[in-house]
Amino acid sequence: MTRAVFERQLNEVQEDMLVMASMVESAITHSMEALKNRDVALAQRIIDNDQKINQKRYDAEEKCIELISLQAPLASDLRTIISVLHITVDLERMADHAEGNAKIAIMLADEPPMKPYVDIPRMAEMAIKMMDGALESYRTRDTQRARQIIAADDAVDSLHEQVYRELLLLMIEDPRVIQRATYLMWVAHNLERIADRVTNICERVVYLVEGRIHDLNVSKY
Amino acid sequence: MTAQPVRLKAHGAVARRQAVSSVSRYVFLGATLVGVFVLAFLAYDTIGTGGDRLSWDFISNYPSRFADKAGLRPAILGSAWVLAATVVLAIPVAVGTAIWIEEFAPRNALLTFVKLNLANLAGVPSIIYGILGLAIFVRFYNLGPSILAGALTLALMIIPMTVIASQEAIRQVPSSLRDGALALGATRWQAVWHNVLPGAVPGIMTGVILAISRAAGETAAIIMIGGFTFLHFSPSLANPIASLLDAFTILPIQIYGWTIDPRQEFRENASAAIIVLMAGVMTLNIIAALIRERFRRY
Amino acid sequence: MRQLDLAESKRPVSPLSEPLEPLLTNDVAIPESGGTAAIRNPSEEAVFRLADVGVWYGNKHAISEISMSIPLKRVTALIGPSGCGKSTLLRCLNRMNDLIPGAQVEGSVEYHGADIYGRDVDPVEVRRRIGMVFQKPNPFPKSIHENVVFGAKVNGIRGDMGEICETALRQAALWDEVKNDLRKSGLALSGGQQQRLCIARALAVQPEVILMDEPCSALDPIATLKIEDLIRELVQNYTIIIVTHNMQQAARVSDYTAFMLAEEHGVNAHLIEYGPTTEIFTNPRDKRTEDYITGRFG
């Protein structure tokens, strides 16, 4: 097959992106752990590690620009490289949200827990499942799966709404918990943003396969 | 690591090949020199023998039994007339045929037949043309042993080789020139006239030069037609066209006539006549070469 | 489409995507041959309509079943690997295939509704309206002025030749470089200038369409880019059809692109895909087009 070198470079940059994605996934998972277990050291590690994730994004961008300028990619090659450029941005933002949660975990570590965390970890679980699914659909170029995942975002959004109302009630009942509650609202918000970013990734998968970028995530919220 | 000094002087197999190449150079030079020397010797011998006899009288006198009074007048004028008529008859036909074959003819069996025959005709011995000319022009068309009959016969003889040379000349004009003209909406004739012919002229001229030289020196065919060796009249300068039907002689025949005469004086005449003939042919060649150069400007 | 584990599957047209704007023409039904999904005729006014066009060279079927419509005042590019018949197809459009012995054209090529292979049609008329620029610049061995006005002269176009020459040279973006000496030989120009001279020459007969057969493949990059800029300027007034094996050039220069592919070199080539250039190069529908464009062979 011709263009063996280009193929290899194209695969490499996509592998790098998937590695970055797994780093982001573990940042999200660990940030939830740190929150639940009040593990400050873990949270700090997540915050420090964010640098590496950012660097991976810049590396990916550089490689993509190099491929564009030197290899003149067309058709699906071009769409692949464009997708990698966009997806790595989404991943980096997701990592930032996870880092935000880690910071909040540190801030909440000293405070006594308000209530057992139920919905928030559920949101995180759903977001991570969505992310797994999105990466799998990227690997297998499965647009049907991608569309399903986009539809699943509605569930995360409704959970977010629920958490928000719950925390609001708690704040009205007991104003002493306002600070903690607002932090938790922020965590839920971060998780909702993470899920939303995952839908962006799924839209990119559809673009990659079908050649047009649509807004497929029409939120009901 | 010690670096081996790079040895670029020819050695071993390379030196052997170079030796062969150098030798071959001298071999080819030798071959050329053989031709040059032979020509030089012939020229020296001829000029030596006949140079003294060259004079205006010699050129303008009629042949005579007396060597010192003998002249070339009928022979020169005869040759000139015959050659002129031959060229006028043969060249347009030959070039036209070549243009037809290369540019216009449909590619079919007839064309192949024609091309094959042309190649064969070019190799036919000239005496055959002489016999043909005798039968057709002299006898059947009743032209008698005239300049016209001679010219027609010579024309037939030189047409095949001229066609072939012209064909080659036309063929080596790059087809991109032809295509470019046609793509602009030129007709086939316009493309040929404006683009192909100017480029083919050098080659055609070369062919014409060769043909004229052949015709000028042709003896056997004219003898068959009935060119005489001893004439007391020559084509009239006042009446050039009418003269075409006169009997005639040509330089090669005159030379032949004098050569077989045992008397030494006539040998000298023959040598002088050869000089005149060569000078004439060379002049024609120079003219044709000048025409060639003018078109080769491109 | 390549997955990361390199599964090669033909990508279906997604049933879930929104319907594209109608690109299919309203009138003549697109023939079934060639795969209708991948051949999207522009909805704009057409200059040429090809229906089942094919070419035989002797008993070799070089191209077959080509059906497409070529839009007015746009640049249409023909791309494909060597031996895929793009030049052959181009030559069908101005009847230059007539000049190749043994070439037979089948199907119909309609130029503004009239079949150019019709019985009463004169190829010279066709070629006046549909000009051609060749791969290797082929200026005539004449002066620049004579080159440019050649077409006008052979076609009997009246007018001030100097004006015609200047207009054509200006349109070809060559005037400023040669205006000081139009008597200079066309062959004395650089490659890029020669090609622009050939374009000027074609423009001087005021054609409607200009066919370009790999016009830049013999030129250096700067000359190539100058000609590409020229093409984009000319397309405001002329319809241009360009054959190129340089995909980047097709992407830069053309509005519509047609991809052709042969079964083996020079045999049985078909039209695989045809559509707007942006679509062909970002989202081709046929896997063969995708493979060719991304350079995956073997």
# chains A, B, ... in the order shown; residues from 1 in each chain; ligands from 1
>>> residues_around(residues="region 272-280 of chain B", least_positions_apart="4", cutoff="9 Å", atoms="only C-alpha atoms", output="NGL selection string")
:B and (43 or 46-47 or 49-54 or 58-59 or 71-72 or 76 or 216-217 or 251-252 or 254-255 or 267-268 or 284-285)
>>> residues_around(residues="Ala151 (chain B)", least_positions_apart="5", cutoff="9 Å", atoms="only C-alpha atoms", output="short mmCIF file (atom, residue, chain, number, x, y, z; two decimals) with N, CA, C and O atoms, in the first residue's frame")
data_model
loop_
_atom_site.label_atom_id
_atom_site.label_comp_id
_atom_site.auth_asym_id
_atom_site.auth_seq_id
_atom_site.Cartn_x
_atom_site.Cartn_y
_atom_site.Cartn_z
N TRP B 81 19.24 22.22 -70.36
CA TRP B 81 17.83 22.10 -70.73
C TRP B 81 17.20 20.87 -70.11
O TRP B 81 16.09 20.94 -69.57
N VAL B 82 17.89 19.76 -70.26
CA VAL B 82 17.31 18.51 -69.75
C VAL B 82 17.10 18.61 -68.25
O VAL B 82 16.06 18.26 -67.71
N LEU B 83 18.13 19.10 -67.54
CA LEU B 83 18.00 19.20 -66.08
C LEU B 83 16.86 20.14 -65.69
O LEU B 83 16.07 19.85 -64.80
N ALA B 84 16.81 21.28 -66.37
CA ALA B 84 15.75 22.23 -66.04
C ALA B 84 14.39 21.59 -66.22
O ALA B 84 13.52 21.66 -65.35
N ALA B 85 14.22 20.94 -67.40
CA ALA B 85 12.92 20.32 -67.67
C ALA B 85 12.65 19.21 -66.65
O ALA B 85 11.53 19.05 -66.17
N THR B 86 13.68 18.41 -66.34
CA THR B 86 13.50 17.33 -65.37
C THR B 86 13.04 17.89 -64.03
O THR B 86 12.10 17.38 -63.42
N VAL B 87 13.73 18.92 -63.56
CA VAL B 87 13.37 19.50 -62.27
C VAL B 87 11.94 20.01 -62.30
O VAL B 87 11.15 19.74 -61.40
N LEU B 89 9.54 19.09 -64.11
CA LEU B 89 8.56 18.00 -64.17
C LEU B 89 8.54 17.19 -62.88
O LEU B 89 7.49 16.82 -62.37
N ALA B 90 9.73 16.88 -62.36
CA ALA B 90 9.79 15.89 -61.29
C ALA B 90 9.50 16.44 -59.91
O ALA B 90 8.77 15.81 -59.14
N SER B 146 14.30 13.42 -78.13
CA SER B 146 14.32 14.85 -77.84
C SER B 146 14.60 15.12 -76.38
O SER B 146 14.58 14.21 -75.55
N LEU B 156 11.02 10.45 -64.34
CA LEU B 156 10.54 9.19 -63.79
C LEU B 156 11.57 8.55 -62.87
O LEU B 156 11.25 7.97 -61.85
#
>>> residues_around(residues="region 70-72 of chain C", least_positions_apart="3", cutoff="9 Å", atoms="only C-alpha atoms", output="PyMOL selection string")
chain C and resi 41-50+75-76+209+238-241+256
>>> closest_atom_pairs(of="chain B", to="chain C", cutoff="6 Å", atoms="only C-alpha atoms", output="tab-separated table")
residue	atom	partner	partner_atom	distance
B:Ala183	CA	C:Arg127	CA	5.7
B:Leu184	CA	C:Gly151	CA	5.4
B:Gly185	CA	C:Arg128	CA	4.6
B:Ala186	CA	C:Val154	CA	5.8
B:Tyr298	CA	C:Pro141	CA	5.6
>>> write_last_selection(atoms="all heavy atoms", output="PDB file, in the first residue's frame")
ATOM      1  N   ALA B 183      -5.772  22.534 -34.181  1.00  0.00           N
ATOM      2  CA  ALA B 183      -6.589  22.853 -33.005  1.00  0.00           C
ATOM      3  C   ALA B 183      -7.086  24.287 -33.052  1.00  0.00           C
ATOM      4  O   ALA B 183      -8.048  24.632 -32.382  1.00  0.00           O
ATOM      5  CB  ALA B 183      -5.784  22.620 -31.720  1.00  0.00           C
ATOM      6  N   LEU B 184      -6.413  25.139 -33.840  1.00  0.00           N
ATOM      7  CA  LEU B 184      -6.857  26.521 -33.940  1.00  0.00           C
ATOM      8  C   LEU B 184      -7.921  26.695 -35.013  1.00  0.00           C
ATOM      9  O   LEU B 184      -8.391  27.798 -35.244  1.00  0.00           O
ATOM     10  CB  LEU B 184      -5.664  27.426 -34.277  1.00  0.00           C
ATOM     11  CG  LEU B 184      -4.668  27.601 -33.147  1.00  0.00           C
ATOM     12  CD1 LEU B 184      -3.420  28.281 -33.669  1.00  0.00           C
ATOM     13  CD2 LEU B 184      -5.269  28.440 -32.047  1.00  0.00           C
ATOM     14  N   GLY B 185      -8.277  25.590 -35.679  1.00  0.00           N
ATOM     15  CA  GLY B 185      -9.317  25.692 -36.694  1.00  0.00           C
ATOM     16  C   GLY B 185      -8.765  25.839 -38.098  1.00  0.00           C
ATOM     17  O   GLY B 185      -9.465  26.279 -38.997  1.00  0.00           O
ATOM     18  N   ALA B 186      -7.490  25.463 -38.292  1.00  0.00           N
ATOM     19  CA  ALA B 186      -6.949  25.493 -39.647  1.00  0.00           C
ATOM     20  C   ALA B 186      -7.430  24.259 -40.402  1.00  0.00           C
ATOM     21  O   ALA B 186      -7.658  23.211 -39.804  1.00  0.00           O
ATOM     22  CB  ALA B 186      -5.414  25.501 -39.589  1.00  0.00           C
ATOM     23  N   TYR B 298      14.609  28.337 -38.652  1.00  0.00           N
ATOM     24  CA  TYR B 298      13.706  28.047 -37.563  1.00  0.00           C
ATOM     25  C   TYR B 298      14.326  27.029 -36.624  1.00  0.00           C
ATOM     26  O   TYR B 298      13.678  26.311 -35.988  1.00  0.00           O
ATOM     27  CB  TYR B 298      12.375  27.527 -38.120  1.00  0.00           C
ATOM     28  CG  TYR B 298      11.735  28.549 -39.025  1.00  0.00           C
ATOM     29  CD1 TYR B 298      11.407  28.247 -40.334  1.00  0.00           C
ATOM     30  CD2 TYR B 298      11.468  29.817 -38.561  1.00  0.00           C
ATOM     31  CE1 TYR B 298      10.820  29.192 -41.145  1.00  0.00           C
ATOM     32  CE2 TYR B 298      10.889  30.764 -39.374  1.00  0.00           C
ATOM     33  CZ  TYR B 298      10.562  30.431 -40.675  1.00  0.00           C
ATOM     34  OH  TYR B 298       9.971  31.364 -41.472  1.00  0.00           O
TER      35      TYR B 298
END
>>> residues_around(residues="Gly275 (chain C)", least_positions_apart="4", cutoff="7 Å", atoms="only C-alpha atoms", output="PyMOL selection string")
chain C and resi 39-41+256-258+279-280
>>> residues_around(residues="region 99-105 of chain B", least_positions_apart="5", cutoff="9 Å", atoms="only C-alpha atoms", output="VMD selection string")
chain B and resid 94 111 114 to 115 163 166 to 167 170 to 171 188 to 189 192 197
>>> closest_atom_pairs(of="chain A", to="chain C", cutoff="10 Å", atoms="only C-alpha atoms", output="CSV")
residue,atom,partner,partner_atom,distance
A:Met1,CA,C:Gly298,CA,4.8
A:Thr2,CA,C:Arg296,CA,5.2
A:Arg3,CA,C:Arg296,CA,6.4
A:Ala4,CA,C:Arg296,CA,8.8
A:Phe6,CA,C:Gly295,CA,9.9
A:Glu7,CA,C:Arg296,CA,9.4
A:Leu10,CA,C:Leu4,CA,9.5
A:Asn11,CA,C:Leu4,CA,6.7
A:Glu12,CA,C:Leu4,CA,9.8
A:Gln14,CA,C:Leu4,CA,8.2
A:Glu15,CA,C:Leu4,CA,8.6
A:Gln71,CA,C:Thr294,CA,9.8
A:Ala72,CA,C:Gln248,CA,8.1
A:Pro73,CA,C:Thr294,CA,6.7
A:Leu74,CA,C:Phe281,CA,5.7
A:Ala75,CA,C:Thr282,CA,3.9
A:Ser76,CA,C:Asn283,CA,6.7
A:Asp77,CA,C:Thr294,CA,7.1
A:Leu78,CA,C:Thr282,CA,7.1
A:Arg79,CA,C:Thr282,CA,7.3
A:Thr80,CA,C:Arg2,CA,9.9
A:Tyr138,CA,C:Gln3,CA,8.5
A:Arg139,CA,C:Leu4,CA,6.1
A:Thr140,CA,C:Gln3,CA,5.9
A:Arg141,CA,C:Gln3,CA,6.5
A:Asp142,CA,C:Gln3,CA,9.8
A:Thr143,CA,C:Ser14,CA,9.2
A:Gln144,CA,C:Leu16,CA,9.3
A:Val206,CA,C:Ser17,CA,9.4
A:Leu208,CA,C:Met1,CA,9.4
A:Val209,CA,C:Met1,CA,7.7
A:Glu210,CA,C:Ser14,CA,6.7
A:Gly211,CA,C:Asn283,CA,5.5
A:Arg212,CA,C:Ser17,CA,8.4
A:His214,CA,C:Ser17,CA,9.0
>>> residues_around(residues="region 126-128 of chain B", least_positions_apart="5", cutoff="10 Å", atoms="only C-alpha atoms", output="list in words")
Gly133, Leu134, Thr153, Leu154, Leu156, Met157, Ile158, Ala215, Glu218, Thr219, Ala220, Ala221, Ile222, Ile223, Met224 and Ile225 of chain B
>>> atom_distance(atom1="CA of Arg232 (chain C)", atom2="CA of Gly113 (chain C)")
26.3 Å
>>> residues_around(residues="region 98-114 of chain A", least_positions_apart="2", cutoff="10 Å", atoms="only C-alpha atoms", output="ChimeraX atom specification")
/A:24-50,92-96,116-117,167,170,177,179-181,183-184,186-191,194
>>> atom_distance(atom1="CA of Lys69 (chain B)", atom2="CA of Asp246 (chain B)")
23.9 Å
